[in-house]
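A.B. asks: What follows is a structure written as structure tokens; I'll ask about it next.
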Amino acid sequence: MRWLFAARLLCVWARACCAAVLLLAAVGEAQAGKEDLRASAPVVFLHYWTDDFRTGVDAMVQAMTRQHPSLQLLAQGFEHEAFKKGIQAMLRGEGAPDIISYWAGQRTKALVEADVLTPVDDVWRLHGLDEVFPPALREACTYGGQRFGVPVTMHWVGFFYDKALFDALHLAPPRSWDEFLAVCEAIRRHGRAPVALGLQGQWPAQYWFDFLLLRTAGPEFRTRLLNGEESFLDPRVRRAFVLWQDLLDREYFLPQPALYDWAGAVKAVHGGEAGMTLMGTWVVGLLEGKLGWKACEEFDFFAFPVVDAEVPRVNLGPVDLVALTRRGDRPQGRAALAAFADVPAQQAMSRGSGALAPSSRVPPEAYSSMQRRILDEIRTGDTWAFAFDLNAPERLARAGLQAFEDFQTRRHDVDHVLRVMHQATLQRWP
């Protein structure tokens, strides 16, 4: 009887082993099938160039796929402001994209620290990207000693104005602060608002704080301030807000700025309600592409005027990167990321968006006359800076954007805004 029991037990064990092997094989086949599907799936590229920002991105993707016919790149746009708020949650979800657009500086640093991006030093080495992008842009892609992403746009912030109005009033683009005030007064007397500023999304107001501080206290002080090494109660910060308050007191801004966004401010200039707006070169794509104005003929630009001549002259603007997510960590993702650095892709994005191409291999003749003049303007500057919300830690950035909006719309109170900003730094650096 014992041998019969043992035989039966052996049969049960054999059947169990066989079932386990079949189960493991099925799981293996399913996993392999999943990996095969993943390997053949298109590379999903999620970006924030939508609505009035959507000038250049489609041409860039088309240029990439023309140059790399085997590249399967699926570009999807996501509303600009919602992108900022939801990107970290999206990158942790099951449907995370392979590649995203993002702003160089503190925003990308936050994603690196959240461990949702993949370092791509190998892509840079394999494709010789150190020879493609100049040092400042290589630095913009480097976090913790590793490369994260490839730069695709470099936007410059300045004044864009109605050329016909300036010509009719015999106004020249101002170079100094006194000249700027004189231009504003002439436009106001003519019956137009000198400046349009759209506050939806909050971020457009920061350029006034950035430039007034940079043109008076200088870039080194601003860096220390945003790093918590200087106080917002410092007289140098007060002076920047006093200059801003003076413009508000003179009623140089188009009323009710909270009713429109940056594009609305541009359209106010185009529509004859205001003379100029302080904004990035993405306005070129809107004015030329959608509103039909001719650059250098119907609209033009000038740099933010000098306030203190002895202060270094700083250029300001964002650099947009494309970064590889953790989900995109596969050969197809790396190949697609490298394709963003190609000259045709960079050139197409530049033409459509009004941005300058980060790649040093884009020839000067690829740029429009206005872009070449902007390049000349940049070269006369001493250094480059990112905007406040791309340079400040996230909590300070949020508090600052709210404070700037309140200062512009409700409380032209310098002491109040200084206290708010000081308190925000205490919360960030106790």
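Residue numbers start at 1 in each chain; chains themselves are named A, B, ... in the order of the structure tokens; ligands are numbered from 1 in the order shown.
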What's around Gly333 in chain A at 8 Å? Count only C-alpha atoms, leave out sequence neighbours fewer than 5 positions away in its own chain, and write the answer as a PyMOL selection string.
C.D. replies: chain A and resi 43+98-99+324+328
A.B. asks: Can those selected residues be exported to a file as a JSON list (two decimals), in the first residue's frame so that it contains N, CA, C and O atoms?
C.D. replies:
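Once everything was written out, this is again.json:
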[["chain", "number", "residue", "atom", "x", "y", "z"],
["A", 43, "VAL", "N", 6.43, 56.37, -30.15],
["A", 43, "VAL", "CA", 6.96, 57.19, -29.07],
["A", 43, "VAL", "C", 6.00, 58.36, -28.85],
["A", 43, "VAL", "O", 5.76, 59.16, -29.76],
["A", 98, "ASP", "N", 6.35, 59.17, -23.36],
["A", 98, "ASP", "CA", 7.77, 58.81, -23.46],
["A", 98, "ASP", "C", 8.67, 60.04, -23.37],
["A", 98, "ASP", "O", 9.75, 59.99, -22.78],
["A", 99, "ILE", "N", 8.22, 61.13, -23.99],
["A", 99, "ILE", "CA", 9.00, 62.37, -24.04],
["A", 99, "ILE", "C", 8.06, 63.51, -23.71],
["A", 99, "ILE", "O", 6.90, 63.52, -24.12],
["A", 324, "LEU", "N", 13.34, 62.83, -21.65],
["A", 324, "LEU", "CA", 12.92, 61.43, -21.69],
["A", 324, "LEU", "C", 12.40, 61.02, -20.32],
["A", 324, "LEU", "O", 13.07, 61.19, -19.31],
["A", 328, "GLY", "N", 9.79, 56.29, -21.13],
["A", 328, "GLY", "CA", 10.43, 56.40, -22.44],
["A", 328, "GLY", "C", 11.82, 55.80, -22.50],
["A", 328, "GLY", "O", 12.50, 55.92, -23.53]]
A.B. asks: Using DSSP on the backbone, list every residue of range 82-204 of chain A that comes out as strand (DSSP E), and give them as a list in words.
C.D. replies: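 The residues of range 82-204 of chain A classed as strand (DSSP E) are Ile99, Ile100, Ser101, Tyr102, Trp103, Thr142, Tyr143, Gln146, Arg147, Val150, Pro151, Val152, Thr153, Met154, Val157, Gly158, Phe159, Phe160, Tyr161, Asp162, Ala193, Pro194, Val195 and Ala196 of chain A.
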A.B. asks: Let me see the file: selected residues, N, CA and C atoms, as a PDB file, in the first residue's frame.
C.D. replies:
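out21.pdb was written with the following content:
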ATOM      1  N   ILE A  99       8.221  61.126 -23.985  1.00  0.00           N
ATOM      2  CA  ILE A  99       8.997  62.373 -24.042  1.00  0.00           C
ATOM      3  C   ILE A  99       8.060  63.515 -23.707  1.00  0.00           C
ATOM      4  N   ILE A 100       8.561  64.481 -22.966  1.00  0.00           N
ATOM      5  CA  ILE A 100       7.770  65.676 -22.657  1.00  0.00           C
ATOM      6  C   ILE A 100       8.579  66.926 -22.992  1.00  0.00           C
ATOM      7  N   SER A 101       7.873  68.005 -23.248  1.00  0.00           N
ATOM      8  CA  SER A 101       8.516  69.323 -23.274  1.00  0.00           C
ATOM      9  C   SER A 101       8.499  69.874 -21.855  1.00  0.00           C
ATOM     10  N   TYR A 102       9.520  70.651 -21.508  1.00  0.00           N
ATOM     11  CA  TYR A 102       9.528  71.264 -20.180  1.00  0.00           C
ATOM     12  C   TYR A 102      10.486  72.443 -20.173  1.00  0.00           C
ATOM     13  N   TRP A 103      10.368  73.267 -19.136  1.00  0.00           N
ATOM     14  CA  TRP A 103      11.179  74.471 -19.041  1.00  0.00           C
ATOM     15  C   TRP A 103      12.451  74.181 -18.260  1.00  0.00           C
ATOM     16  N   THR A 142      21.699  70.178 -17.647  1.00  0.00           N
ATOM     17  CA  THR A 142      22.475  69.390 -16.686  1.00  0.00           C
ATOM     18  C   THR A 142      21.958  69.592 -15.266  1.00  0.00           C
ATOM     19  N   TYR A 143      21.655  68.484 -14.604  1.00  0.00           N
ATOM     20  CA  TYR A 143      21.148  68.507 -13.226  1.00  0.00           C
ATOM     21  C   TYR A 143      21.846  67.391 -12.450  1.00  0.00           C
ATOM     22  N   GLN A 146      24.345  65.260 -14.466  1.00  0.00           N
ATOM     23  CA  GLN A 146      23.874  64.425 -15.572  1.00  0.00           C
ATOM     24  C   GLN A 146      23.021  65.236 -16.526  1.00  0.00           C
ATOM     25  N   ARG A 147      23.003  64.829 -17.784  1.00  0.00           N
ATOM     26  CA  ARG A 147      22.178  65.479 -18.794  1.00  0.00           C
ATOM     27  C   ARG A 147      20.745  64.929 -18.728  1.00  0.00           C
ATOM     28  N   VAL A 150      17.098  67.600 -24.223  1.00  0.00           N
ATOM     29  CA  VAL A 150      17.710  68.293 -25.357  1.00  0.00           C
ATOM     30  C   VAL A 150      16.977  69.626 -25.528  1.00  0.00           C
ATOM     31  N   PRO A 151      17.682  70.750 -25.676  1.00  0.00           N
ATOM     32  CA  PRO A 151      16.998  72.038 -25.843  1.00  0.00           C
ATOM     33  C   PRO A 151      16.420  72.185 -27.251  1.00  0.00           C
ATOM     34  N   VAL A 152      15.202  72.725 -27.344  1.00  0.00           N
ATOM     35  CA  VAL A 152      14.562  72.891 -28.661  1.00  0.00           C
ATOM     36  C   VAL A 152      14.183  74.335 -28.970  1.00  0.00           C
ATOM     37  N   THR A 153      14.030  75.185 -27.964  1.00  0.00           N
ATOM     38  CA  THR A 153      13.775  76.607 -28.226  1.00  0.00           C
ATOM     39  C   THR A 153      14.538  77.464 -27.229  1.00  0.00           C
ATOM     40  N   MET A 154      14.841  78.666 -27.666  1.00  0.00           N
ATOM     41  CA  MET A 154      15.429  79.673 -26.786  1.00  0.00           C
ATOM     42  C   MET A 154      14.700  80.980 -27.084  1.00  0.00           C
ATOM     43  N   VAL A 157      12.918  87.703 -24.193  1.00  0.00           N
ATOM     44  CA  VAL A 157      11.833  88.581 -23.748  1.00  0.00           C
ATOM     45  C   VAL A 157      12.221  90.033 -23.983  1.00  0.00           C
ATOM     46  N   GLY A 158      11.326  90.764 -24.627  1.00  0.00           N
ATOM     47  CA  GLY A 158      11.538  92.192 -24.873  1.00  0.00           C
ATOM     48  C   GLY A 158      10.202  92.846 -25.178  1.00  0.00           C
ATOM     49  N   PHE A 159      10.248  94.111 -25.572  1.00  0.00           N
ATOM     50  CA  PHE A 159       9.030  94.842 -25.946  1.00  0.00           C
ATOM     51  C   PHE A 159       8.753  94.639 -27.432  1.00  0.00           C
ATOM     52  N   PHE A 160       7.495  94.351 -27.743  1.00  0.00           N
ATOM     53  CA  PHE A 160       7.036  94.281 -29.130  1.00  0.00           C
ATOM     54  C   PHE A 160       5.965  95.355 -29.305  1.00  0.00           C
ATOM     55  N   TYR A 161       6.102  96.157 -30.360  1.00  0.00           N
ATOM     56  CA  TYR A 161       5.282  97.361 -30.452  1.00  0.00           C
ATOM     57  C   TYR A 161       4.689  97.560 -31.841  1.00  0.00           C
ATOM     58  N   ASP A 162       3.659  98.405 -31.870  1.00  0.00           N
ATOM     59  CA  ASP A 162       2.969  98.805 -33.106  1.00  0.00           C
ATOM     60  C   ASP A 162       3.840  99.834 -33.829  1.00  0.00           C
ATOM     61  N   ALA A 193      -3.469 103.150 -24.444  1.00  0.00           N
ATOM     62  CA  ALA A 193      -2.689 102.653 -23.309  1.00  0.00           C
ATOM     63  C   ALA A 193      -1.276 102.365 -23.811  1.00  0.00           C
ATOM     64  N   PRO A 194      -0.257 102.854 -23.140  1.00  0.00           N
ATOM     65  CA  PRO A 194       1.099 102.568 -23.599  1.00  0.00           C
ATOM     66  C   PRO A 194       1.434 101.078 -23.596  1.00  0.00           C
ATOM     67  N   VAL A 195       0.998 100.347 -22.536  1.00  0.00           N
ATOM     68  CA  VAL A 195       1.435  98.961 -22.359  1.00  0.00           C
ATOM     69  C   VAL A 195       0.239  98.046 -22.106  1.00  0.00           C
ATOM     70  N   ALA A 196       0.225  96.893 -22.783  1.00  0.00           N
ATOM     71  CA  ALA A 196      -0.762  95.848 -22.497  1.00  0.00           C
ATOM     72  C   ALA A 196      -0.078  94.729 -21.729  1.00  0.00           C
TER      73      ALA A 196
END
A.B. asks: Could you give me, as a count of residues only, the residues within 9 Å of Tyr367 in chain A, counting only C-alpha atoms and dropping anything in the same chain fewer than 3 positions from it?
C.D. replies: 10
A.B. asks: Do you know which residues are at most 12 Å from range 415-423 of chain A counting only C-alpha atoms, after dropping those on the same chain fewer than 2 positions away, and could you put them as a PyMOL selection string?
C.D. replies: chain A and resi 209+225-226+228-242+244-245+392+395-408+410-413+425-430
A.B. asks: Looking at only C-alpha atoms, which of A:Arg92, A:Arg313, A:Arg361, A:Arg138 is the one that sits closest to Leu213 in chain A?
C.D. replies: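 Once distances to Leu213 in chain A are computed over only C-alpha atoms, the minimum belongs to A:Arg313.
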A.B. asks: Could you pull out all residues of range 261-367 of chain A with a DSSP call of alpha helix (DSSP H) and give them as an MDAnalysis selection string?
C.D. replies: chainID A and resid 262:270 282:284 331:339 343:353
A.B. asks: List the neighbours of His270 in chain A out to 10 Å using only C-alpha atoms; skip same-chain residues closer than 2 positions along the sequence, and give me the result as a ChimeraX atom specification.
C.D. replies: /A:161-162,264-268,272-276,287,291-293,298-299
A.B. asks: For the selection you just gave me, I'd like the residues written to a file as a PDB file, in the first residue's frame, keeping N, CA, C and O atoms.
C.D. replies:
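This went into selection_20.pdb:
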ATOM      1  N   TYR A 161       6.102  96.157 -30.360  1.00  0.00           N
ATOM      2  CA  TYR A 161       5.282  97.361 -30.452  1.00  0.00           C
ATOM      3  C   TYR A 161       4.689  97.560 -31.841  1.00  0.00           C
ATOM      4  O   TYR A 161       5.159  96.988 -32.839  1.00  0.00           O
ATOM      5  N   ASP A 162       3.659  98.405 -31.870  1.00  0.00           N
ATOM      6  CA  ASP A 162       2.969  98.805 -33.106  1.00  0.00           C
ATOM      7  C   ASP A 162       3.840  99.834 -33.829  1.00  0.00           C
ATOM      8  O   ASP A 162       3.940 100.984 -33.399  1.00  0.00           O
ATOM      9  N   GLY A 264      -3.973  87.821 -25.459  1.00  0.00           N
ATOM     10  CA  GLY A 264      -4.910  88.942 -25.475  1.00  0.00           C
ATOM     11  C   GLY A 264      -4.189  90.274 -25.443  1.00  0.00           C
ATOM     12  O   GLY A 264      -4.617  91.249 -26.083  1.00  0.00           O
ATOM     13  N   ALA A 265      -3.081  90.350 -24.697  1.00  0.00           N
ATOM     14  CA  ALA A 265      -2.281  91.575 -24.665  1.00  0.00           C
ATOM     15  C   ALA A 265      -1.666  91.852 -26.031  1.00  0.00           C
ATOM     16  O   ALA A 265      -1.632  92.996 -26.501  1.00  0.00           O
ATOM     17  N   VAL A 266      -1.177  90.804 -26.688  1.00  0.00           N
ATOM     18  CA  VAL A 266      -0.622  90.963 -28.038  1.00  0.00           C
ATOM     19  C   VAL A 266      -1.709  91.436 -29.000  1.00  0.00           C
ATOM     20  O   VAL A 266      -1.492  92.335 -29.829  1.00  0.00           O
ATOM     21  N   LYS A 267      -2.884  90.864 -28.891  1.00  0.00           N
ATOM     22  CA  LYS A 267      -3.993  91.247 -29.764  1.00  0.00           C
ATOM     23  C   LYS A 267      -4.458  92.673 -29.487  1.00  0.00           C
ATOM     24  O   LYS A 267      -4.956  93.354 -30.394  1.00  0.00           O
ATOM     25  N   ALA A 268      -4.286  93.131 -28.239  1.00  0.00           N
ATOM     26  CA  ALA A 268      -4.627  94.526 -27.918  1.00  0.00           C
ATOM     27  C   ALA A 268      -3.683  95.494 -28.638  1.00  0.00           C
ATOM     28  O   ALA A 268      -4.089  96.570 -29.071  1.00  0.00           O
ATOM     29  N   GLY A 272      -4.955  98.032 -31.807  1.00  0.00           N
ATOM     30  CA  GLY A 272      -4.919  99.471 -31.615  1.00  0.00           C
ATOM     31  C   GLY A 272      -5.327  99.952 -30.239  1.00  0.00           C
ATOM     32  O   GLY A 272      -5.500 101.152 -30.030  1.00  0.00           O
ATOM     33  N   GLU A 273      -5.449  99.041 -29.260  1.00  0.00           N
ATOM     34  CA  GLU A 273      -5.797  99.464 -27.906  1.00  0.00           C
ATOM     35  C   GLU A 273      -4.572  99.870 -27.099  1.00  0.00           C
ATOM     36  O   GLU A 273      -4.678 100.663 -26.166  1.00  0.00           O
ATOM     37  N   ALA A 274      -3.430  99.294 -27.408  1.00  0.00           N
ATOM     38  CA  ALA A 274      -2.196  99.569 -26.664  1.00  0.00           C
ATOM     39  C   ALA A 274      -1.042  99.694 -27.649  1.00  0.00           C
ATOM     40  O   ALA A 274      -1.104  99.214 -28.787  1.00  0.00           O
ATOM     41  N   GLY A 275       0.029 100.328 -27.162  1.00  0.00           N
ATOM     42  CA  GLY A 275       1.161 100.566 -28.035  1.00  0.00           C
ATOM     43  C   GLY A 275       2.182  99.453 -28.062  1.00  0.00           C
ATOM     44  O   GLY A 275       2.843  99.237 -29.091  1.00  0.00           O
ATOM     45  N   MET A 276       2.326  98.718 -26.934  1.00  0.00           N
ATOM     46  CA  MET A 276       3.384  97.700 -26.859  1.00  0.00           C
ATOM     47  C   MET A 276       3.065  96.706 -25.748  1.00  0.00           C
ATOM     48  O   MET A 276       2.185  96.950 -24.912  1.00  0.00           O
ATOM     49  N   LEU A 287       1.757  87.032 -34.106  1.00  0.00           N
ATOM     50  CA  LEU A 287       1.539  88.238 -34.907  1.00  0.00           C
ATOM     51  C   LEU A 287       1.658  87.960 -36.402  1.00  0.00           C
ATOM     52  O   LEU A 287       0.864  88.458 -37.203  1.00  0.00           O
ATOM     53  N   LEU A 291      -2.198  86.653 -36.975  1.00  0.00           N
ATOM     54  CA  LEU A 291      -2.756  88.003 -37.081  1.00  0.00           C
ATOM     55  C   LEU A 291      -2.311  88.728 -38.354  1.00  0.00           C
ATOM     56  O   LEU A 291      -2.832  89.799 -38.659  1.00  0.00           O
ATOM     57  N   GLY A 292      -1.358  88.157 -39.067  1.00  0.00           N
ATOM     58  CA  GLY A 292      -1.013  88.680 -40.381  1.00  0.00           C
ATOM     59  C   GLY A 292      -0.189  89.951 -40.417  1.00  0.00           C
ATOM     60  O   GLY A 292      -0.110  90.603 -41.464  1.00  0.00           O
ATOM     61  N   TRP A 293       0.452  90.309 -39.319  1.00  0.00           N
ATOM     62  CA  TRP A 293       1.340  91.473 -39.321  1.00  0.00           C
ATOM     63  C   TRP A 293       2.717  91.071 -39.838  1.00  0.00           C
ATOM     64  O   TRP A 293       3.193  89.964 -39.566  1.00  0.00           O
ATOM     65  N   GLU A 298       5.258  96.120 -39.764  1.00  0.00           N
ATOM     66  CA  GLU A 298       4.061  96.500 -39.014  1.00  0.00           C
ATOM     67  C   GLU A 298       4.239  96.349 -37.508  1.00  0.00           C
ATOM     68  O   GLU A 298       3.519  96.988 -36.741  1.00  0.00           O
ATOM     69  N   PHE A 299       5.140  95.489 -37.095  1.00  0.00           N
ATOM     70  CA  PHE A 299       5.500  95.438 -35.678  1.00  0.00           C
ATOM     71  C   PHE A 299       7.003  95.273 -35.569  1.00  0.00           C
ATOM     72  O   PHE A 299       7.673  94.794 -36.487  1.00  0.00           O
TER      73      PHE A 299
END
A.B. asks: Let me make sure I understand: among A:Ala345, A:Cys296, A:Ala357, A:Leu390, which one has the smallest atom-to-atom distance to Leu316 in chain A if we use only C-alpha atoms?
C.D. replies: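 Using only C-alpha atoms, the shortest distance to Leu316 in chain A belongs to A:Leu390.
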A.B. asks: With distances taken over only C-alpha atoms, which of A:Asp121, A:Asp329, A:Asp300, A:Asp130 is nearest to Gly145 in chain A?
C.D. replies: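 Comparing A:Asp121, A:Asp329, A:Asp300, A:Asp130 against Gly145 in chain A, the winner is A:Asp121.
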A.B. asks: Near Pro219 in chain A, counting only C-alpha atoms, which residues have an atom at most 9 Å away, once you skip same-chain residues fewer than 4 positions from it, shown as a PyMOL selection string?
C.D. replies: chain A and resi 213-215+223-224+311-314+383-385
A.B. asks: List the spatial neighbours of range 54-56 of chain A as a ChimeraX atom specification - criterion: any atom at most 8 Å away, only C-alpha atoms, same-chain residues fewer than 5 positions off excluded.
C.D. replies: /A:49,285-286,289,348-353
A.B. asks: Nearest to Phe180 in chain A among A:Leu247, A:Thr216, A:Ala96, A:Gly201, with distances taken over only C-alpha atoms: which residue is it?
C.D. replies: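 So, comparing all the options, the nearest one is A:Leu247.
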A.B. asks: May I ask which of the residues A:Leu117, A:Ala186, A:Leu46, A:Val307 is the closest one to Gly218 in chain A, counting only C-alpha atoms?
C.D. replies: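 Among the listed residues, A:Val307 lies closest to Gly218 in chain A.
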A.B. asks: Which one of A:Thr325, A:Thr65, A:Gln88, A:Gln332 sits closest to Ala41 in chain A if you count only C-alpha atoms?
C.D. replies: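 Closest to Ala41 in chain A, using only C-alpha atoms: A:Gln332.
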